[in-house]
Structures are given as structure tokens and as C-alpha cells.
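See structure below.
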Amino acid sequence: MVESEKIVEKGELTFDEVVKLAFANPPYGINSLFTITLRKGGNENRPEGHLVEGGTVKVKKGTIFNVTATDKS
């Protein structure tokens with residue numbers, strides 16, 4: 001597992017922005033899938049959970065994302 005702290009200036013991130021923070025060169029392809037889980041998010045009603053493709057999430061200092069890339073084979 002690679003842990004890397006990133007500093008972002010905006011209070012909300014899209015699914016694609018989180019993927020780009022996690023991977024310098026995201027492994028995009030027709031069979032590529034990304035799973036994003038988060039903890040300590042900025043939404044008090046949902047501080048933990050999943051971020052789905054096309055979605056957005058509020059972030060605050062200390063928000064933790066786990067981003068996993070998989071390839072259907």
C-alpha cells in the first residue's frame with residue numbers, strides 16, 4: 001500500500017480528480033475499474049463511504065481516500 005499525502009485547495013473533489021491524485025498516470029482502458037473508499041470526509045451525514053464514478057465528495061483536512069485500480073480479465 002502506498003500512502004501519499006496530497007494538499008488540495010478546493011473543498012469538493014470529483015471521482016476523476018481523486019483518481020488523478022492517486023495515480024500519476026491512471027491505468028485507463030476499456031477494462032479498467034476504480035474503487036474509491038473514504039474516511040473523515042467533509043459531509044457530517046456521510047463521513048465514510050464510497051465515491052462512485054461521476055460523483056463528488058466534500059473534503060476537509062484529514063480526509064483519507066483509498067483508491068484501487070482493477071482490470072477485468
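Labels for the C-alpha cells follow display order: chains A, B, ..., residues from 1 in each chain, ligands from 1.
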| request: Please identify all polymer residues within 6 Å of segment 42-45 of chain A, counting only C-alpha atoms, omitting same-chain residues fewer than 4 positions from it, and present them as a PyMOL selection string. | output: chain A and resi 58-60
| query | What lies within 8 Å of Lys40 of chain A using only C-alpha atoms, ignoring chain neighbours under 3 positions off, as a list in words? | reply | Pro47, Glu48, Lys60, Gly62, Thr63 and Ile64 of chain A
Would you output that residue set with all heavy atoms, as a CSV table (one decimal), in the first residue's frame?
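Full text of selection_20.csv as output:
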```
chain,number,residue,atom,x,y,z
A,47,PRO,N,-19.5,10.8,6.7
A,47,PRO,CA,-18.1,10.9,6.8
A,47,PRO,C,-17.3,9.8,6.3
A,47,PRO,O,-16.1,9.9,6.1
A,47,PRO,CB,-17.8,11.1,8.3
A,47,PRO,CG,-19.0,10.4,9.0
A,47,PRO,CD,-20.1,10.5,8.0
A,48,GLU,N,-17.9,8.6,6.0
A,48,GLU,CA,-17.3,7.4,5.5
A,48,GLU,C,-18.1,6.9,4.4
A,48,GLU,O,-19.3,7.1,4.3
A,48,GLU,CB,-17.1,6.4,6.6
A,48,GLU,CG,-16.2,6.8,7.7
A,48,GLU,CD,-16.0,5.6,8.7
A,48,GLU,OE1,-16.6,4.6,8.5
A,48,GLU,OE2,-15.3,5.9,9.6
A,60,LYS,N,-12.2,17.7,3.7
A,60,LYS,CA,-11.7,18.6,4.8
A,60,LYS,C,-10.3,18.1,5.2
A,60,LYS,O,-9.9,17.0,4.7
A,60,LYS,CB,-12.6,18.7,6.0
A,60,LYS,CG,-12.8,17.3,6.7
A,60,LYS,CD,-13.7,17.5,7.8
A,60,LYS,CE,-13.9,16.1,8.6
A,60,LYS,NZ,-14.8,16.2,9.7
A,62,GLY,N,-7.6,16.1,6.6
A,62,GLY,CA,-7.6,14.8,7.2
A,62,GLY,C,-8.4,13.7,6.5
A,62,GLY,O,-8.4,12.6,6.9
A,63,THR,N,-9.1,14.1,5.4
A,63,THR,CA,-9.9,13.2,4.7
A,63,THR,C,-8.9,12.1,4.1
A,63,THR,O,-7.9,12.5,3.5
A,63,THR,CB,-10.7,13.8,3.5
A,63,THR,OG1,-11.6,14.8,4.1
A,63,THR,CG2,-11.5,12.8,2.7
A,64,ILE,N,-9.3,10.8,4.2
A,64,ILE,CA,-8.5,9.8,3.7
A,64,ILE,C,-9.2,9.0,2.6
A,64,ILE,O,-10.3,8.6,2.7
A,64,ILE,CB,-8.1,8.8,4.8
A,64,ILE,CG1,-7.4,9.5,5.9
A,64,ILE,CG2,-7.4,7.6,4.3
A,64,ILE,CD1,-7.2,8.7,7.2
```
| note | For Glu53 of chain A, the closest of A:Thr14, A:Leu21, A:Gly41, A:Val67 counting only C-alpha atoms is A:Thr14
| request: Quick one: pull the distance between atom CA of Asp16 of chain A and atom CA of Glu3 of chain A, Å, one decimal. | output: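 Computing it gives 18.6 Å between the two atoms.
We find atom CA of Leu38 of chain A and atom CA of Pro26 of chain A to be spaced 18.6 Å apart.
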| task | Run DSSP on the backbone and grab whatever in chain A lands in alpha helix (DSSP H); send it over as an MDAnalysis selection string. | result | chainID A and resid 15:22
Take the residues from that selection and put them in a file with C-alpha atoms, as a compact mmCIF listing (two decimals), in the first residue's frame.
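So part_13.txt came out as:
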```
# COMPACT_ATOMS: atom_id res chain seq x y z
CA PHE A 15 -14.31 10.93 -8.77
CA ASP A 16 -11.88 11.64 -11.64
CA GLU A 17 -9.93 14.20 -9.58
CA VAL A 18 -9.42 11.67 -6.77
CA VAL A 19 -8.20 9.05 -9.28
CA LYS A 20 -5.71 11.57 -10.70
CA LEU A 21 -4.48 12.38 -7.17
CA ALA A 22 -3.90 8.68 -6.53
```
